[in-house]
Amino acid sequence: MILVTGSLGQIGVDLIRELVLIHGPKAIVATDLREPASSESNGVTFKLLDVTDADALNQLFDDNAFDTVYHLAGILSATGEEDPDLCWKVNIEGLENVLKSARERSIRVFWPSSIAVFGSSTEKSMTRQSARTDPYTMYGVTKTAGELLCRYYARKFAVDVRSLRFPGVISYAAPPGGGTTDYAVEMFFGALQHGSYECFVSEDTRLPMMYIPDAVKSVLELMQVDPADISIRTSYNVTAFSFSAQELASAITKHIPEFRCTYTPDSRQIIADSWPRSIDDSTARKDWGWKPEFNLEGMVSDMLKHISAIRKHESSQESL
Ligand code: NAD
Ligand code: SER
């Protein structure tokens, strides 16, 4: 049995869809803070779960023979700066609760870290696996501490916990949940809905990114690797491509010539500026063969195709 926490979030929705295809809906228990809408159910069992509630989490583990946990519940960078206490509580106490439950039951755990572990004193280009961590945000602090907690549980208690340092993830099925890289998703919806978008980072802001099919692929591939081949128990650097906000706008304009993007940086600019521009993921490539499928152009045309189909479906439902 598989447990997914934070299952209704940007990554959870797509990961569950793929897990259902592989294992079937009966093998999965999805959890989050709110009930799913009927369109979000995927036929899996759903339970309300706050990951900071250790008793409720333990009860769920007692009631189900889980062998794998995808622990996605979390507070992202921008929301985390608005409420750093909540960010620490959910990201660190939640992770510790999951690791403790896994330790007692020999359960494999996946937990995503982030490029937010890096900061202003970190090398900015092709940031290496071993580069200095220097988080600027509370979110980055929790990801750095979380990585060390994962490695501690792997060494001390032999918990098979695996992790990826995701760059900004771009997807269309579920809205992003309060991150700094959300502009890269919002720009598509702005272009298709209004023909314009006011971007909250400057046009030359360049960050590493990944399209959701590659993000899901990376998680599933990492979880298949022989434990002996995993040399990194903090978190693997992974990336697909890097682009500036202006380069993304230009790539969208090739499909929607009338699209206009303006740039009004807000408090998220300083967070974006603290992160690497590109990532060296050669350790992940060497250890378990990581290789993304989508480049910028492929991602842009696929995103526009899917969002257009969603909009068409929604307007046909409205006219019924
Ligand atoms: P999201 O905000 O879209 O989803 C997170 C989910 O966690 C939400 O559905 C939310 O309701 C749930 N949640 C929040 N607090 C909770 C609690 N106390 N108990 C249970 N559930 C709770 O985020 P996401 O983009 O799906 O991210 C999932 C994970 O991946 C997070 O750990 C995030 O830090 C990490 N990550 C995401 C990105 C990205 O670009 N999306 C990049 C790097 C790392
Ligand atoms: N996309 C995430 C964020 O912006 C990075 O971890 O918070």
# chains A, B, ... in the order shown; residues from 1 in each chain; ligands from 1

call {"tool": "residues_around", "arguments": {"residues": "Gly146 (chain A)", "least_positions_apart": "5", "cutoff": "9 Å", "atoms": "only C-alpha atoms", "output": "PyMOL selection string"}}
result
chain A and resi 91-92+95-96+111+113+141+151+234

call {"tool": "residues_near_ligand", "arguments": {"ligand": "ligand 2", "cutoff": "7 Å", "atoms": "only C-alpha atoms and all ligand atoms", "output": "list in words"}}
result
Leu76, Ser77, Ala78, Ser114, Ile115, Ala116, Phe166, Pro167, Gly168, Val169, Gly178, Gly179, Thr180, Thr181 and Asp182 of chain A

call {"tool": "select_by_dssp", "arguments": {"residues": "region 111-317 of chain A", "states": "strand (DSSP E or B)", "output": "JSON, numbers by chain"}}
result
{"A": [111, 112, 113, 114, 127, 161, 162, 163, 164, 165, 166, 168, 169, 170, 196, 197, 198, 199, 206, 207, 208, 209, 210, 211, 236, 237, 241, 242, 243, 244, 260, 261, 262, 263, 279]}

call {"tool": "closest_atom_pairs", "arguments": {"of": "chain A", "to": "ligand 1", "cutoff": "6 Å", "atoms": "only C-alpha atoms and all ligand atoms", "output": "Markdown table"}}
result
| residue | atom | partner | partner_atom_place_in_ligand_line | distance |
| --- | --- | --- | --- | --- |
| A:Gly6 | CA | ligand 1 | 7 (O) | 3.6 |
| A:Ser7 | CA | ligand 1 | 9 (O) | 5.8 |
| A:Leu8 | CA | ligand 1 | 9 (O) | 4.2 |
| A:Gly9 | CA | ligand 1 | 4 (O) | 3.2 |
| A:Gln10 | CA | ligand 1 | 26 (O) | 3.7 |
| A:Ile11 | CA | ligand 1 | 26 (O) | 3.8 |
| A:Gly12 | CA | ligand 1 | 26 (O) | 5.3 |
| A:Asp32 | CA | ligand 1 | 21 (N) | 4.4 |
| A:Leu33 | CA | ligand 1 | 21 (N) | 4.9 |
| A:Leu49 | CA | ligand 1 | 20 (C) | 5.5 |
| A:Asp50 | CA | ligand 1 | 19 (N) | 3.4 |
| A:Val51 | CA | ligand 1 | 19 (N) | 4.1 |
| A:Thr52 | CA | ligand 1 | 18 (N) | 5.5 |
| A:Leu72 | CA | ligand 1 | 29 (C) | 4.2 |
| A:Ala73 | CA | ligand 1 | 7 (O) | 3.5 |
| A:Gly74 | CA | ligand 1 | 32 (O) | 4.4 |
| A:Ile75 | CA | ligand 1 | 14 (C) | 5.7 |
| A:Leu76 | CA | ligand 1 | 34 (O) | 5.1 |
| A:Val90 | CA | ligand 1 | 18 (N) | 5.0 |
| A:Pro112 | CA | ligand 1 | 35 (C) | 4.9 |
| A:Ser113 | CA | ligand 1 | 44 (C) | 5.2 |
| A:Ser114 | CA | ligand 1 | 43 (C) | 4.2 |
| A:Phe166 | CA | ligand 1 | 43 (C) | 4.1 |
| A:Pro167 | CA | ligand 1 | 42 (C) | 5.2 |
| A:Gly168 | CA | ligand 1 | 40 (O) | 3.7 |
| A:Val169 | CA | ligand 1 | 40 (O) | 3.7 |
| A:Pro176 | CA | ligand 1 | 3 (O) | 4.8 |
| A:Gly177 | CA | ligand 1 | 2 (O) | 3.4 |

call {"tool": "closest_residue", "arguments": {"among": "A:Arg260, A:His306, A:His255, A:Lys124", "to": "Ser278 (chain A)", "atoms": "only C-alpha atoms"}}
result
A:Lys124

call {"tool": "residues_around", "arguments": {"residues": "region 241-251 of chain A", "least_positions_apart": "4", "cutoff": "6 Å", "atoms": "only C-alpha atoms", "output": "compact mmCIF listing (two decimals) with N, CA and C atoms, in the first residue's frame"}}
result
# COMPACT_ATOMS: atom_id res chain seq x y z
N GLU A 203 12.27 40.63 -15.80
CA GLU A 203 12.37 39.86 -17.05
C GLU A 203 13.65 39.04 -17.14
N ASP A 204 14.73 39.49 -16.48
CA ASP A 204 16.01 38.76 -16.58
C ASP A 204 16.19 37.72 -15.47
N THR A 205 15.16 37.45 -14.69
CA THR A 205 15.25 36.44 -13.63
C THR A 205 15.32 35.05 -14.26
N ARG A 206 16.44 34.38 -14.05
CA ARG A 206 16.65 33.06 -14.66
C ARG A 206 16.70 32.01 -13.55
N LEU A 207 15.85 30.98 -13.68
CA LEU A 207 15.81 29.92 -12.66
C LEU A 207 15.72 28.55 -13.32
N PRO A 208 16.20 27.53 -12.62
CA PRO A 208 16.05 26.16 -13.13
C PRO A 208 14.61 25.68 -12.96
N MET A 209 14.13 24.92 -13.94
CA MET A 209 12.72 24.50 -13.94
C MET A 209 12.61 23.06 -14.45
N SER A 278 21.22 27.84 -12.69
CA SER A 278 21.21 26.52 -13.33
C SER A 278 21.83 25.52 -12.36

call {"tool": "closest_residue", "arguments": {"among": "A:Asp62, A:Glu318, A:Asp160, A:Glu198", "to": "Val109 (chain A)", "atoms": "only C-alpha atoms"}}
result
A:Asp160

call {"tool": "residues_around", "arguments": {"residues": "Met299 (chain A)", "least_positions_apart": "3", "cutoff": "12 Å", "atoms": "only C-alpha atoms", "output": "compact mmCIF listing (two decimals) with N, CA, C and O atoms, in the first residue's frame"}}
result
# COMPACT_ATOMS: atom_id res chain seq x y z
N VAL A 169 8.63 23.66 -10.50
CA VAL A 169 7.87 22.64 -11.25
C VAL A 169 6.73 23.34 -11.99
O VAL A 169 5.99 24.15 -11.40
N ILE A 170 6.59 23.01 -13.28
CA ILE A 170 5.58 23.65 -14.14
C ILE A 170 4.52 22.61 -14.49
O ILE A 170 4.86 21.52 -14.96
N SER A 171 3.24 22.95 -14.23
CA SER A 171 2.17 22.00 -14.51
C SER A 171 0.88 22.74 -14.77
O SER A 171 0.79 23.95 -14.52
N TYR A 172 -0.15 22.00 -15.22
CA TYR A 172 -1.42 22.64 -15.56
C TYR A 172 -2.60 22.07 -14.79
O TYR A 172 -3.63 22.70 -14.69
N ALA A 184 5.93 31.08 -13.48
CA ALA A 184 6.16 30.29 -14.70
C ALA A 184 4.91 29.49 -15.09
O ALA A 184 4.76 29.11 -16.25
N VAL A 185 4.03 29.24 -14.14
CA VAL A 185 2.75 28.59 -14.45
C VAL A 185 1.69 29.65 -14.77
O VAL A 185 0.96 29.55 -15.77
N PHE A 188 1.24 31.13 -18.38
CA PHE A 188 0.48 30.38 -19.39
C PHE A 188 -1.01 30.70 -19.29
O PHE A 188 -1.68 30.93 -20.29
N MET A 209 14.13 24.92 -13.94
CA MET A 209 12.72 24.50 -13.94
C MET A 209 12.61 23.06 -14.45
O MET A 209 13.55 22.52 -15.05
N MET A 210 11.42 22.50 -14.27
CA MET A 210 11.15 21.15 -14.79
C MET A 210 9.65 21.01 -15.07
O MET A 210 8.82 21.52 -14.28
N TYR A 211 9.32 20.35 -16.16
CA TYR A 211 7.90 20.12 -16.50
C TYR A 211 7.40 18.92 -15.70
O TYR A 211 8.14 17.95 -15.48
N ILE A 212 6.14 18.96 -15.32
CA ILE A 212 5.59 17.95 -14.39
C ILE A 212 5.76 16.48 -14.84
O ILE A 212 6.07 15.64 -14.00
N PRO A 213 5.64 16.15 -16.14
CA PRO A 213 5.85 14.72 -16.47
C PRO A 213 7.27 14.28 -16.10
O PRO A 213 7.47 13.13 -15.66
N ASP A 214 8.24 15.18 -16.25
CA ASP A 214 9.61 14.84 -15.86
C ASP A 214 9.75 14.79 -14.34
O ASP A 214 10.49 13.95 -13.81
N ALA A 240 15.85 20.24 -15.41
CA ALA A 240 15.55 19.94 -16.82
C ALA A 240 16.10 21.06 -17.71
O ALA A 240 16.80 20.80 -18.67
N PHE A 241 15.75 22.32 -17.40
CA PHE A 241 16.22 23.45 -18.21
C PHE A 241 16.13 24.71 -17.36
O PHE A 241 15.49 24.73 -16.30
N PHE A 243 15.47 29.08 -17.77
CA PHE A 243 15.10 30.17 -18.68
C PHE A 243 14.82 31.43 -17.85
O PHE A 243 14.52 31.34 -16.65
N LEU A 248 10.72 32.86 -21.33
CA LEU A 248 9.47 32.09 -21.28
C LEU A 248 8.37 32.86 -22.02
O LEU A 248 7.62 32.28 -22.82
N ALA A 251 8.82 32.48 -25.69
CA ALA A 251 8.44 31.13 -26.16
C ALA A 251 6.92 31.01 -26.26
O ALA A 251 6.39 30.37 -27.18
N ILE A 252 6.20 31.66 -25.34
CA ILE A 252 4.72 31.63 -25.40
C ILE A 252 4.24 32.50 -26.56
O ILE A 252 3.29 32.14 -27.28
N PRO A 292 15.92 14.19 -18.23
CA PRO A 292 14.58 14.73 -18.52
C PRO A 292 14.22 14.56 -19.99
O PRO A 292 15.10 14.45 -20.84
N GLU A 293 12.91 14.56 -20.27
CA GLU A 293 12.46 14.43 -21.67
C GLU A 293 12.10 15.76 -22.29
O GLU A 293 12.22 15.92 -23.50
N PHE A 294 11.64 16.70 -21.49
CA PHE A 294 11.12 17.95 -22.05
C PHE A 294 12.15 19.07 -22.00
O PHE A 294 12.80 19.29 -20.98
N ASN A 295 12.28 19.80 -23.14
CA ASN A 295 13.03 21.06 -23.14
C ASN A 295 12.02 22.21 -23.08
O ASN A 295 10.80 21.97 -23.00
N LEU A 296 12.50 23.45 -23.13
CA LEU A 296 11.61 24.61 -22.99
C LEU A 296 10.51 24.60 -24.06
O LEU A 296 9.32 24.73 -23.74
N ASP A 302 3.29 21.78 -25.05
CA ASP A 302 2.44 20.81 -24.33
C ASP A 302 1.56 21.51 -23.29
O ASP A 302 0.37 21.19 -23.16
N MET A 303 2.12 22.47 -22.57
CA MET A 303 1.32 23.23 -21.59
C MET A 303 0.15 23.93 -22.28
O MET A 303 -1.00 23.86 -21.81
N LEU A 304 0.44 24.61 -23.39
CA LEU A 304 -0.62 25.37 -24.07
C LEU A 304 -1.71 24.43 -24.60
O LEU A 304 -2.90 24.73 -24.51
N LYS A 305 -1.27 23.27 -25.11
CA LYS A 305 -2.24 22.28 -25.61
C LYS A 305 -3.18 21.83 -24.48
O LYS A 305 -4.40 21.82 -24.62
N HIS A 306 -2.60 21.50 -23.34
CA HIS A 306 -3.41 20.97 -22.24
C HIS A 306 -4.30 22.05 -21.62
O HIS A 306 -5.47 21.78 -21.31

call {"tool": "decode", "arguments": {"residues": "region 208-239 of chain A", "atoms": "C-alpha atoms", "output": "mmCIF file, in the first residue's frame"}}
result
data_model
loop_
_atom_site.group_PDB
_atom_site.id
_atom_site.type_symbol
_atom_site.label_atom_id
_atom_site.label_comp_id
_atom_site.auth_asym_id
_atom_site.auth_seq_id
_atom_site.Cartn_x
_atom_site.Cartn_y
_atom_site.Cartn_z
ATOM 1 C CA PRO A 208 16.051 26.160 -13.127
ATOM 2 C CA MET A 209 12.721 24.495 -13.936
ATOM 3 C CA MET A 210 11.147 21.150 -14.789
ATOM 4 C CA TYR A 211 7.902 20.119 -16.500
ATOM 5 C CA ILE A 212 5.590 17.953 -14.391
ATOM 6 C CA PRO A 213 5.850 14.723 -16.470
ATOM 7 C CA ASP A 214 9.611 14.836 -15.859
ATOM 8 C CA ALA A 215 9.115 15.648 -12.163
ATOM 9 C CA VAL A 216 6.834 12.615 -11.748
ATOM 10 C CA LYS A 217 9.223 10.465 -13.804
ATOM 11 C CA SER A 218 12.158 11.499 -11.590
ATOM 12 C CA VAL A 219 10.308 10.531 -8.413
ATOM 13 C CA LEU A 220 9.190 7.143 -9.747
ATOM 14 C CA GLU A 221 12.633 6.349 -11.184
ATOM 15 C CA LEU A 222 14.408 7.275 -7.948
ATOM 16 C CA MET A 223 12.067 5.008 -5.960
ATOM 17 C CA GLN A 224 12.976 2.048 -8.245
ATOM 18 C CA VAL A 225 16.734 2.338 -7.698
ATOM 19 C CA ASP A 226 18.595 -0.407 -5.827
ATOM 20 C CA PRO A 227 19.372 1.078 -2.364
ATOM 21 C CA ALA A 228 23.065 0.228 -2.874
ATOM 22 C CA ASP A 229 23.206 2.597 -5.862
ATOM 23 C CA ILE A 230 21.963 5.615 -3.904
ATOM 24 C CA SER A 231 25.028 7.605 -2.897
ATOM 25 C CA ILE A 232 23.127 10.726 -1.767
ATOM 26 C CA ARG A 233 20.861 10.444 1.271
ATOM 27 C CA THR A 234 20.398 14.178 1.746
ATOM 28 C CA SER A 235 18.819 15.033 -1.627
ATOM 29 C CA TYR A 236 19.796 14.731 -5.288
ATOM 30 C CA ASN A 237 20.162 17.806 -7.510
ATOM 31 C CA VAL A 238 17.822 17.401 -10.509
ATOM 32 C CA THR A 239 16.875 19.816 -13.266
#
